[in-house]
>>> print(open('coords_3.csv').read())   # CSV, N, CA and C atoms
chain,number,residue,atom,x,y,z
A,140,MET,N,-56.9,-38.7,-27.4
A,140,MET,CA,-58.1,-38.5,-26.6
A,140,MET,C,-59.2,-37.8,-27.4
A,141,PRO,N,-60.4,-38.3,-27.5
A,141,PRO,CA,-61.5,-37.7,-28.2
A,141,PRO,C,-61.9,-36.4,-27.4
A,142,VAL,N,-62.3,-35.4,-28.2
A,142,VAL,CA,-62.8,-34.2,-27.6
A,142,VAL,C,-64.2,-33.9,-28.1
A,143,LEU,N,-65.1,-33.6,-27.2
A,143,LEU,CA,-66.5,-33.2,-27.5
A,143,LEU,C,-66.6,-31.7,-27.3
A,144,ASP,N,-66.9,-31.0,-28.3
A,144,ASP,CA,-67.0,-29.5,-28.2
A,144,ASP,C,-68.5,-29.2,-28.2
A,145,TRP,N,-69.1,-29.0,-27.0
A,145,TRP,CA,-70.5,-28.8,-26.9
A,145,TRP,C,-70.8,-28.0,-25.7
A,146,VAL,N,-71.9,-27.3,-25.7
A,146,VAL,CA,-72.3,-26.5,-24.6
A,146,VAL,C,-73.1,-27.4,-23.6
A,147,VAL,N,-72.6,-27.5,-22.4
A,147,VAL,CA,-73.3,-28.2,-21.3
A,147,VAL,C,-73.6,-27.2,-20.3
A,148,ALA,N,-74.9,-26.8,-20.2
A,148,ALA,CA,-75.3,-25.7,-19.4
A,148,ALA,C,-76.0,-26.0,-18.0
A,149,SER,N,-76.0,-27.3,-17.7
A,149,SER,CA,-76.7,-27.7,-16.5
A,149,SER,C,-76.0,-29.0,-15.9
A,150,THR,N,-76.3,-29.2,-14.6
A,150,THR,CA,-75.8,-30.5,-14.1
A,150,THR,C,-76.5,-31.7,-14.7
A,151,GLU,N,-77.8,-31.5,-15.1
A,151,GLU,CA,-78.5,-32.6,-15.7
A,151,GLU,C,-77.9,-32.9,-17.1
A,152,GLY,N,-77.5,-31.9,-17.8
A,152,GLY,CA,-76.8,-32.2,-19.1
A,152,GLY,C,-75.5,-32.9,-18.9
A,153,LEU,N,-74.7,-32.5,-17.9
A,153,LEU,CA,-73.5,-33.2,-17.6
A,153,LEU,C,-73.7,-34.6,-17.1
A,154,ASP,N,-74.7,-34.8,-16.3
A,154,ASP,CA,-75.1,-36.2,-15.9
A,154,ASP,C,-75.4,-37.1,-17.1
A,155,GLN,N,-76.0,-36.5,-18.1
A,155,GLN,CA,-76.3,-37.3,-19.3
A,155,GLN,C,-75.0,-37.8,-19.9
A,156,TYR,N,-74.1,-36.9,-20.0
A,156,TYR,CA,-72.8,-37.4,-20.6
A,156,TYR,C,-72.1,-38.4,-19.7
A,157,ARG,N,-72.2,-38.2,-18.4
A,157,ARG,CA,-71.6,-39.2,-17.5
A,157,ARG,C,-72.2,-40.5,-17.7
A,158,GLU,N,-73.5,-40.6,-17.9
A,158,GLU,CA,-74.2,-41.8,-18.1
A,158,GLU,C,-73.8,-42.5,-19.4
A,159,LEU,N,-73.8,-41.6,-20.5
A,159,LEU,CA,-73.5,-42.2,-21.8
A,159,LEU,C,-72.1,-42.6,-21.9
A,160,LEU,N,-71.2,-42.0,-21.2
A,160,LEU,CA,-69.8,-42.3,-21.3
A,160,LEU,C,-69.3,-43.1,-20.1
A,161,ARG,N,-70.2,-43.7,-19.4
A,161,ARG,CA,-69.8,-44.5,-18.2
A,161,ARG,C,-68.7,-45.5,-18.5
A,162,GLY,N,-67.7,-45.5,-17.6
A,162,GLY,CA,-66.6,-46.4,-17.8
A,162,GLY,C,-65.4,-45.7,-18.5
A,163,LEU,N,-65.6,-44.5,-19.0
A,163,LEU,CA,-64.6,-43.7,-19.7
A,163,LEU,C,-64.2,-42.6,-18.8
A,164,SER,N,-63.0,-42.1,-18.9
A,164,SER,CA,-62.6,-40.8,-18.2
A,164,SER,C,-63.3,-39.6,-18.9
A,165,LEU,N,-64.0,-38.8,-18.1
A,165,LEU,CA,-64.6,-37.7,-18.7
A,165,LEU,C,-64.0,-36.4,-18.0
A,166,TYR,N,-63.6,-35.5,-18.8
A,166,TYR,CA,-63.0,-34.3,-18.4
A,166,TYR,C,-63.9,-33.1,-18.8
A,167,PHE,N,-64.3,-32.3,-17.8
A,167,PHE,CA,-65.2,-31.2,-18.1
A,167,PHE,C,-64.4,-29.9,-18.0
A,168,ILE,N,-64.2,-29.3,-19.2
A,168,ILE,CA,-63.4,-28.0,-19.2
A,168,ILE,C,-64.3,-26.9,-19.8
A,169,VAL,N,-64.3,-25.8,-19.1
A,169,VAL,CA,-65.0,-24.7,-19.6
A,169,VAL,C,-64.1,-23.5,-19.9
A,170,LEU,N,-64.1,-23.0,-21.1
A,170,LEU,CA,-63.3,-21.8,-21.4
A,170,LEU,C,-64.3,-20.7,-21.0
A,171,ALA,N,-63.9,-19.9,-20.0
A,171,ALA,CA,-64.8,-19.0,-19.4
A,171,ALA,C,-64.3,-17.6,-19.3
A,172,PRO,N,-64.0,-16.9,-20.4
A,172,PRO,CA,-63.7,-15.5,-20.4
A,172,PRO,C,-65.0,-14.8,-19.9
A,173,THR,N,-64.8,-13.6,-19.5
A,173,THR,CA,-66.0,-12.8,-19.0
A,173,THR,C,-67.0,-12.7,-20.2
A,174,LEU,N,-68.2,-12.4,-19.9
A,174,LEU,CA,-69.2,-12.2,-20.9
A,174,LEU,C,-68.8,-11.0,-21.8
A,175,GLU,N,-68.3,-10.0,-21.2
A,175,GLU,CA,-67.9,-8.8,-22.0
A,175,GLU,C,-66.8,-9.2,-23.1
A,176,VAL,N,-65.8,-10.0,-22.6
A,176,VAL,CA,-64.8,-10.5,-23.6
A,176,VAL,C,-65.4,-11.4,-24.6
A,177,SER,N,-66.3,-12.3,-24.3
A,177,SER,CA,-66.9,-13.1,-25.2
A,177,SER,C,-67.7,-12.3,-26.3
A,178,LEU,N,-68.4,-11.3,-25.8
A,178,LEU,CA,-69.2,-10.5,-26.8
A,178,LEU,C,-68.2,-9.7,-27.7
A,179,GLN,N,-67.1,-9.2,-27.2
A,179,GLN,CA,-66.1,-8.5,-28.0
A,179,GLN,C,-65.6,-9.4,-29.1
A,180,ARG,N,-65.2,-10.6,-28.7
A,180,ARG,CA,-64.7,-11.6,-29.6
A,180,ARG,C,-65.7,-11.9,-30.7
A,181,ASP,N,-66.9,-12.1,-30.2
A,181,ASP,CA,-68.0,-12.4,-31.2
A,181,ASP,C,-68.2,-11.3,-32.2
A,182,SER,N,-68.1,-10.1,-31.8
A,182,SER,CA,-68.3,-9.0,-32.7
A,182,SER,C,-67.2,-8.9,-33.8
A,183,ARG,N,-66.1,-9.5,-33.5
A,183,ARG,CA,-65.0,-9.5,-34.5
A,183,ARG,C,-65.0,-10.6,-35.5
A,184,ARG,N,-66.0,-11.5,-35.3
A,184,ARG,CA,-66.1,-12.6,-36.2
A,184,ARG,C,-66.7,-12.1,-37.6
A,185,ALA,N,-66.2,-12.7,-38.6
A,185,ALA,CA,-66.7,-12.2,-39.9
A,185,ALA,C,-67.9,-13.0,-40.4
A,186,ASP,N,-68.0,-14.3,-39.9
A,186,ASP,CA,-69.1,-15.1,-40.5
A,186,ASP,C,-70.4,-15.2,-39.7
A,187,LYS,N,-70.3,-15.2,-38.4
A,187,LYS,CA,-71.6,-15.3,-37.7
A,187,LYS,C,-71.4,-14.7,-36.3
A,188,HIS,N,-72.5,-14.2,-35.8
A,188,HIS,CA,-72.5,-13.5,-34.5
A,188,HIS,C,-73.6,-14.2,-33.6
A,189,LEU,N,-73.2,-14.8,-32.5
A,189,LEU,CA,-74.1,-15.6,-31.7
A,189,LEU,C,-74.1,-15.1,-30.2
A,190,GLY,N,-73.2,-14.2,-29.9
A,190,GLY,CA,-73.0,-13.8,-28.5
A,190,GLY,C,-74.3,-13.3,-27.9
A,191,GLU,N,-75.0,-12.4,-28.5
A,191,GLU,CA,-76.2,-11.9,-27.9
A,191,GLU,C,-77.3,-12.9,-27.7
A,192,ARG,N,-77.3,-13.9,-28.7
A,192,ARG,CA,-78.3,-14.9,-28.6
A,192,ARG,C,-78.1,-15.9,-27.5
A,193,PHE,N,-76.8,-16.2,-27.2
A,193,PHE,CA,-76.5,-17.2,-26.2
A,193,PHE,C,-75.8,-16.7,-25.0
A,194,GLY,N,-75.7,-15.4,-24.9
A,194,GLY,CA,-75.0,-14.8,-23.7
A,194,GLY,C,-75.6,-15.2,-22.4
A,195,TYR,N,-76.9,-15.5,-22.3
A,195,TYR,CA,-77.5,-15.9,-21.1
A,195,TYR,C,-76.9,-17.2,-20.5
A,196,LEU,N,-76.2,-18.0,-21.3
A,196,LEU,CA,-75.6,-19.2,-20.8
A,196,LEU,C,-74.5,-19.0,-19.9
A,197,ASP,N,-73.8,-17.8,-20.0
A,197,ASP,CA,-72.7,-17.5,-19.1
A,197,ASP,C,-73.2,-17.5,-17.7
A,198,GLU,N,-74.2,-16.8,-17.4
A,198,GLU,CA,-74.7,-16.7,-16.0
A,198,GLU,C,-75.3,-18.1,-15.6
A,199,GLN,N,-76.0,-18.8,-16.4
A,199,GLN,CA,-76.5,-20.1,-16.1
A,199,GLN,C,-75.4,-21.1,-15.7
A,200,MET,N,-74.4,-21.1,-16.6
A,200,MET,CA,-73.4,-22.1,-16.3
A,200,MET,C,-72.6,-21.8,-15.1
A,201,ARG,N,-72.3,-20.5,-14.9
A,201,ARG,CA,-71.6,-20.1,-13.6
A,201,ARG,C,-72.4,-20.4,-12.4
A,202,LYS,N,-73.7,-20.3,-12.5
A,202,LYS,CA,-74.6,-20.5,-11.3
A,202,LYS,C,-74.6,-22.0,-11.0
A,203,TYR,N,-74.7,-22.9,-12.0
A,203,TYR,CA,-75.0,-24.3,-11.8
A,203,TYR,C,-73.8,-25.2,-11.9
A,204,LEU,N,-72.7,-24.7,-12.5
A,204,LEU,CA,-71.6,-25.6,-12.8
A,204,LEU,C,-70.3,-25.1,-12.4
A,205,SER,N,-70.2,-23.9,-11.7
A,205,SER,CA,-68.9,-23.3,-11.4
A,205,SER,C,-68.0,-24.2,-10.5
A,206,ASP,N,-68.6,-25.1,-9.8
A,206,ASP,CA,-67.8,-25.9,-8.9
A,206,ASP,C,-67.5,-27.3,-9.5
A,207,VAL,N,-67.7,-27.4,-10.8
A,207,VAL,CA,-67.5,-28.7,-11.5
A,207,VAL,C,-66.4,-28.6,-12.6
A,208,GLY,N,-65.5,-29.5,-12.6
A,208,GLY,CA,-64.5,-29.5,-13.6
A,208,GLY,C,-63.5,-28.4,-13.5
A,209,LEU,N,-62.9,-28.0,-14.7
A,209,LEU,CA,-61.9,-27.0,-14.8
A,209,LEU,C,-62.4,-25.8,-15.6
A,210,TRP,N,-62.4,-24.7,-14.9
A,210,TRP,CA,-62.8,-23.4,-15.6
A,210,TRP,C,-61.6,-22.6,-15.8
A,211,VAL,N,-61.4,-22.2,-17.1
A,211,VAL,CA,-60.2,-21.4,-17.5
A,211,VAL,C,-60.7,-20.1,-18.0
A,212,ASP,N,-60.4,-19.0,-17.3
A,212,ASP,CA,-60.7,-17.6,-17.8
A,212,ASP,C,-59.6,-17.3,-18.9
A,213,SER,N,-60.0,-17.5,-20.1
A,213,SER,CA,-59.1,-17.4,-21.2
A,213,SER,C,-59.1,-16.0,-21.8
A,214,GLY,N,-59.7,-15.0,-21.1
A,214,GLY,CA,-59.9,-13.7,-21.6
A,214,GLY,C,-58.6,-13.0,-22.0
A,215,ASP,N,-57.6,-13.2,-21.2
A,215,ASP,CA,-56.3,-12.5,-21.4
A,215,ASP,C,-55.2,-13.5,-21.8
A,216,LEU,N,-55.6,-14.7,-22.2
A,216,LEU,CA,-54.6,-15.7,-22.6
A,216,LEU,C,-54.5,-15.9,-24.1
A,217,THR,N,-53.4,-16.3,-24.5
A,217,THR,CA,-53.2,-16.7,-25.9
A,217,THR,C,-53.7,-18.1,-26.0
A,218,PRO,N,-54.0,-18.6,-27.2
A,218,PRO,CA,-54.4,-20.0,-27.4
A,218,PRO,C,-53.4,-20.9,-26.7
A,219,GLU,N,-52.1,-20.7,-26.9
A,219,GLU,CA,-51.0,-21.5,-26.3
A,219,GLU,C,-51.1,-21.5,-24.8
A,220,GLU,N,-51.3,-20.3,-24.2
A,220,GLU,CA,-51.4,-20.2,-22.7
A,220,GLU,C,-52.7,-20.9,-22.2
A,221,THR,N,-53.7,-20.9,-23.0
A,221,THR,CA,-55.0,-21.6,-22.6
A,221,THR,C,-54.7,-23.1,-22.6
A,222,VAL,N,-54.1,-23.6,-23.6
A,222,VAL,CA,-53.8,-25.0,-23.6
A,222,VAL,C,-52.9,-25.4,-22.4
A,223,ASP,N,-51.9,-24.6,-22.1
A,223,ASP,CA,-51.0,-24.8,-21.0
A,223,ASP,C,-51.9,-24.9,-19.7
A,224,ARG,N,-52.8,-24.0,-19.5
A,224,ARG,CA,-53.7,-24.1,-18.3
A,224,ARG,C,-54.5,-25.3,-18.3
A,225,ILE,N,-55.0,-25.7,-19.4
A,225,ILE,CA,-55.8,-26.9,-19.5
A,225,ILE,C,-55.0,-28.2,-19.1
A,226,VAL,N,-53.8,-28.3,-19.7
A,226,VAL,CA,-52.9,-29.4,-19.4
A,226,VAL,C,-52.5,-29.4,-17.9
A,227,ALA,N,-52.2,-28.2,-17.4
A,227,ALA,CA,-51.8,-28.1,-16.0
A,227,ALA,C,-53.0,-28.5,-15.0
A,228,GLY,N,-54.2,-28.2,-15.4
A,228,GLY,CA,-55.3,-28.4,-14.5
A,228,GLY,C,-56.1,-29.7,-14.9
A,229,ARG,N,-55.6,-30.5,-15.7
A,229,ARG,CA,-56.3,-31.7,-16.1
A,229,ARG,C,-56.9,-32.5,-15.0
A,230,ASP,N,-56.2,-32.7,-13.9
A,230,ASP,CA,-56.7,-33.5,-12.8
A,230,ASP,C,-58.0,-32.9,-12.2
A,231,ARG,N,-58.1,-31.5,-12.2
A,231,ARG,CA,-59.3,-30.9,-11.7
A,231,ARG,C,-60.5,-31.0,-12.7
A,232,ALA,N,-60.2,-31.3,-13.9
A,232,ALA,CA,-61.2,-31.4,-14.9
A,232,ALA,C,-61.9,-32.8,-14.9
A,233,LEU,N,-61.3,-33.7,-14.3
A,233,LEU,CA,-61.9,-35.1,-14.3
A,233,LEU,C,-63.1,-35.1,-13.4
A,234,VAL,N,-64.2,-35.5,-14.1
A,234,VAL,CA,-65.5,-35.6,-13.4
A,234,VAL,C,-66.0,-37.0,-13.4
>>> encode(input="coords_3.csv", output="structure tokens")
Amino acid sequence: MPVLDWVVASTEGLDQYRELLRGLSLYFIVLAPTLEVSLQRDSRRADKHLGERFGYLDEQMRKYLSDVGLWVDSGDLTPEETVDRIVAGRDRALV
């Protein structure tokens, strides 16, 4: 199954993907740790720091897209646990 890793911050953006991928199954999954956790993780990166620049997207996405697809608060999860949550919630992710 192909995976597109991109920020979709509005219903309009999601609708564009729905149109472009019409006829295909589209799963919308948001890894959604709290903004604080995201900023902590970002500060530990060695190569680049983008949290402060794009932190506003957290509020925007929660406001406009929180009832769409599968949202996983991965703040306290290992990568393996995150994958398990995604697999278990796959049906909710279908848009």
>>> closest_residue(input="coords_3.csv", among="A:Ile168, A:Ala227, A:Gly190, A:Arg161", to="Ser205 (chain A)", atoms="only C-alpha atoms")
A:Ile168
>>> closest_residue(input="coords_3.csv", among="A:Leu216, A:Val176, A:Leu204, A:Val222", to="Leu153 (chain A)", atoms="only C-alpha atoms")
A:Leu204
>>> select_by_dssp(input="coords_3.csv", residues="chain A", states="strand (DSSP E or B)", output="list of chain:residue names")
A:Tyr166, A:Ile168, A:Val169, A:Leu170, A:Leu209, A:Trp210, A:Val211, A:Leu233
>>> residues_around(input="coords_3.csv", residues="Arg231 (chain A)", least_positions_apart="4", cutoff="9 Å", atoms="only C-alpha atoms", output="PyMOL selection string")
chain A and resi 166-167+207-209
>>> atom_distance(input="coords_3.csv", atom1="atom N of Met200 (chain A)", atom2="atom C of Ala148 (chain A)")
5.3 Å
>>> select_by_dssp(input="coords_3.csv", residues="chain A", states="helix (DSSP H, G or I)", output="MDAnalysis selection string")
chainID A and resid 150:159 174:182 190:193 195:204 218:227 229:232
>>> atom_distance(input="coords_3.csv", atom1="CA of Arg224 (chain A)", atom2="atom N of Val211 (chain A)")
8.0 Å
>>> residues_around(input="coords_3.csv", residues="Ser213 (chain A)", least_positions_apart="3", cutoff="12 Å", atoms="only C-alpha atoms", output="ChimeraX atom specification")
/A:168-174,176-177,180,209-210,216-225
>>> write_last_selection(input="coords_3.csv", atoms="N, CA and C atoms", output="PDB file, in the frame of the given file")
ATOM      1  N   ILE A 168     -64.200 -29.300 -19.200  1.00  0.00           N
ATOM      2  CA  ILE A 168     -63.400 -28.000 -19.200  1.00  0.00           C
ATOM      3  C   ILE A 168     -64.300 -26.900 -19.800  1.00  0.00           C
ATOM      4  N   VAL A 169     -64.300 -25.800 -19.100  1.00  0.00           N
ATOM      5  CA  VAL A 169     -65.000 -24.700 -19.600  1.00  0.00           C
ATOM      6  C   VAL A 169     -64.100 -23.500 -19.900  1.00  0.00           C
ATOM      7  N   LEU A 170     -64.100 -23.000 -21.100  1.00  0.00           N
ATOM      8  CA  LEU A 170     -63.300 -21.800 -21.400  1.00  0.00           C
ATOM      9  C   LEU A 170     -64.300 -20.700 -21.000  1.00  0.00           C
ATOM     10  N   ALA A 171     -63.900 -19.900 -20.000  1.00  0.00           N
ATOM     11  CA  ALA A 171     -64.800 -19.000 -19.400  1.00  0.00           C
ATOM     12  C   ALA A 171     -64.300 -17.600 -19.300  1.00  0.00           C
ATOM     13  N   PRO A 172     -64.000 -16.900 -20.400  1.00  0.00           N
ATOM     14  CA  PRO A 172     -63.700 -15.500 -20.400  1.00  0.00           C
ATOM     15  C   PRO A 172     -65.000 -14.800 -19.900  1.00  0.00           C
ATOM     16  N   THR A 173     -64.800 -13.600 -19.500  1.00  0.00           N
ATOM     17  CA  THR A 173     -66.000 -12.800 -19.000  1.00  0.00           C
ATOM     18  C   THR A 173     -67.000 -12.700 -20.200  1.00  0.00           C
ATOM     19  N   LEU A 174     -68.200 -12.400 -19.900  1.00  0.00           N
ATOM     20  CA  LEU A 174     -69.200 -12.200 -20.900  1.00  0.00           C
ATOM     21  C   LEU A 174     -68.800 -11.000 -21.800  1.00  0.00           C
ATOM     22  N   VAL A 176     -65.800 -10.000 -22.600  1.00  0.00           N
ATOM     23  CA  VAL A 176     -64.800 -10.500 -23.600  1.00  0.00           C
ATOM     24  C   VAL A 176     -65.400 -11.400 -24.600  1.00  0.00           C
ATOM     25  N   SER A 177     -66.300 -12.300 -24.300  1.00  0.00           N
ATOM     26  CA  SER A 177     -66.900 -13.100 -25.200  1.00  0.00           C
ATOM     27  C   SER A 177     -67.700 -12.300 -26.300  1.00  0.00           C
ATOM     28  N   ARG A 180     -65.200 -10.600 -28.700  1.00  0.00           N
ATOM     29  CA  ARG A 180     -64.700 -11.600 -29.600  1.00  0.00           C
ATOM     30  C   ARG A 180     -65.700 -11.900 -30.700  1.00  0.00           C
ATOM     31  N   LEU A 209     -62.900 -28.000 -14.700  1.00  0.00           N
ATOM     32  CA  LEU A 209     -61.900 -27.000 -14.800  1.00  0.00           C
ATOM     33  C   LEU A 209     -62.400 -25.800 -15.600  1.00  0.00           C
ATOM     34  N   TRP A 210     -62.400 -24.700 -14.900  1.00  0.00           N
ATOM     35  CA  TRP A 210     -62.800 -23.400 -15.600  1.00  0.00           C
ATOM     36  C   TRP A 210     -61.600 -22.600 -15.800  1.00  0.00           C
ATOM     37  N   LEU A 216     -55.600 -14.700 -22.200  1.00  0.00           N
ATOM     38  CA  LEU A 216     -54.600 -15.700 -22.600  1.00  0.00           C
ATOM     39  C   LEU A 216     -54.500 -15.900 -24.100  1.00  0.00           C
ATOM     40  N   THR A 217     -53.400 -16.300 -24.500  1.00  0.00           N
ATOM     41  CA  THR A 217     -53.200 -16.700 -25.900  1.00  0.00           C
ATOM     42  C   THR A 217     -53.700 -18.100 -26.000  1.00  0.00           C
ATOM     43  N   PRO A 218     -54.000 -18.600 -27.200  1.00  0.00           N
ATOM     44  CA  PRO A 218     -54.400 -20.000 -27.400  1.00  0.00           C
ATOM     45  C   PRO A 218     -53.400 -20.900 -26.700  1.00  0.00           C
ATOM     46  N   GLU A 219     -52.100 -20.700 -26.900  1.00  0.00           N
ATOM     47  CA  GLU A 219     -51.000 -21.500 -26.300  1.00  0.00           C
ATOM     48  C   GLU A 219     -51.100 -21.500 -24.800  1.00  0.00           C
ATOM     49  N   GLU A 220     -51.300 -20.300 -24.200  1.00  0.00           N
ATOM     50  CA  GLU A 220     -51.400 -20.200 -22.700  1.00  0.00           C
ATOM     51  C   GLU A 220     -52.700 -20.900 -22.200  1.00  0.00           C
ATOM     52  N   THR A 221     -53.700 -20.900 -23.000  1.00  0.00           N
ATOM     53  CA  THR A 221     -55.000 -21.600 -22.600  1.00  0.00           C
ATOM     54  C   THR A 221     -54.700 -23.100 -22.600  1.00  0.00           C
ATOM     55  N   VAL A 222     -54.100 -23.600 -23.600  1.00  0.00           N
ATOM     56  CA  VAL A 222     -53.800 -25.000 -23.600  1.00  0.00           C
ATOM     57  C   VAL A 222     -52.900 -25.400 -22.400  1.00  0.00           C
ATOM     58  N   ASP A 223     -51.900 -24.600 -22.100  1.00  0.00           N
ATOM     59  CA  ASP A 223     -51.000 -24.800 -21.000  1.00  0.00           C
ATOM     60  C   ASP A 223     -51.900 -24.900 -19.700  1.00  0.00           C
ATOM     61  N   ARG A 224     -52.800 -24.000 -19.500  1.00  0.00           N
ATOM     62  CA  ARG A 224     -53.700 -24.100 -18.300  1.00  0.00           C
ATOM     63  C   ARG A 224     -54.500 -25.300 -18.300  1.00  0.00           C
ATOM     64  N   ILE A 225     -55.000 -25.700 -19.400  1.00  0.00           N
ATOM     65  CA  ILE A 225     -55.800 -26.900 -19.500  1.00  0.00           C
ATOM     66  C   ILE A 225     -55.000 -28.200 -19.100  1.00  0.00           C
TER      67      ILE A 225
END
>>> atom_distance(input="coords_3.csv", atom1="atom N of Gly228 (chain A)", atom2="CA of Leu189 (chain A)")
28.6 Å
>>> closest_residue(input="coords_3.csv", among="A:Gln199, A:Asp181, A:Val234, A:Lys187", to="Val147 (chain A)", atoms="all atoms listed in the file")
A:Gln199
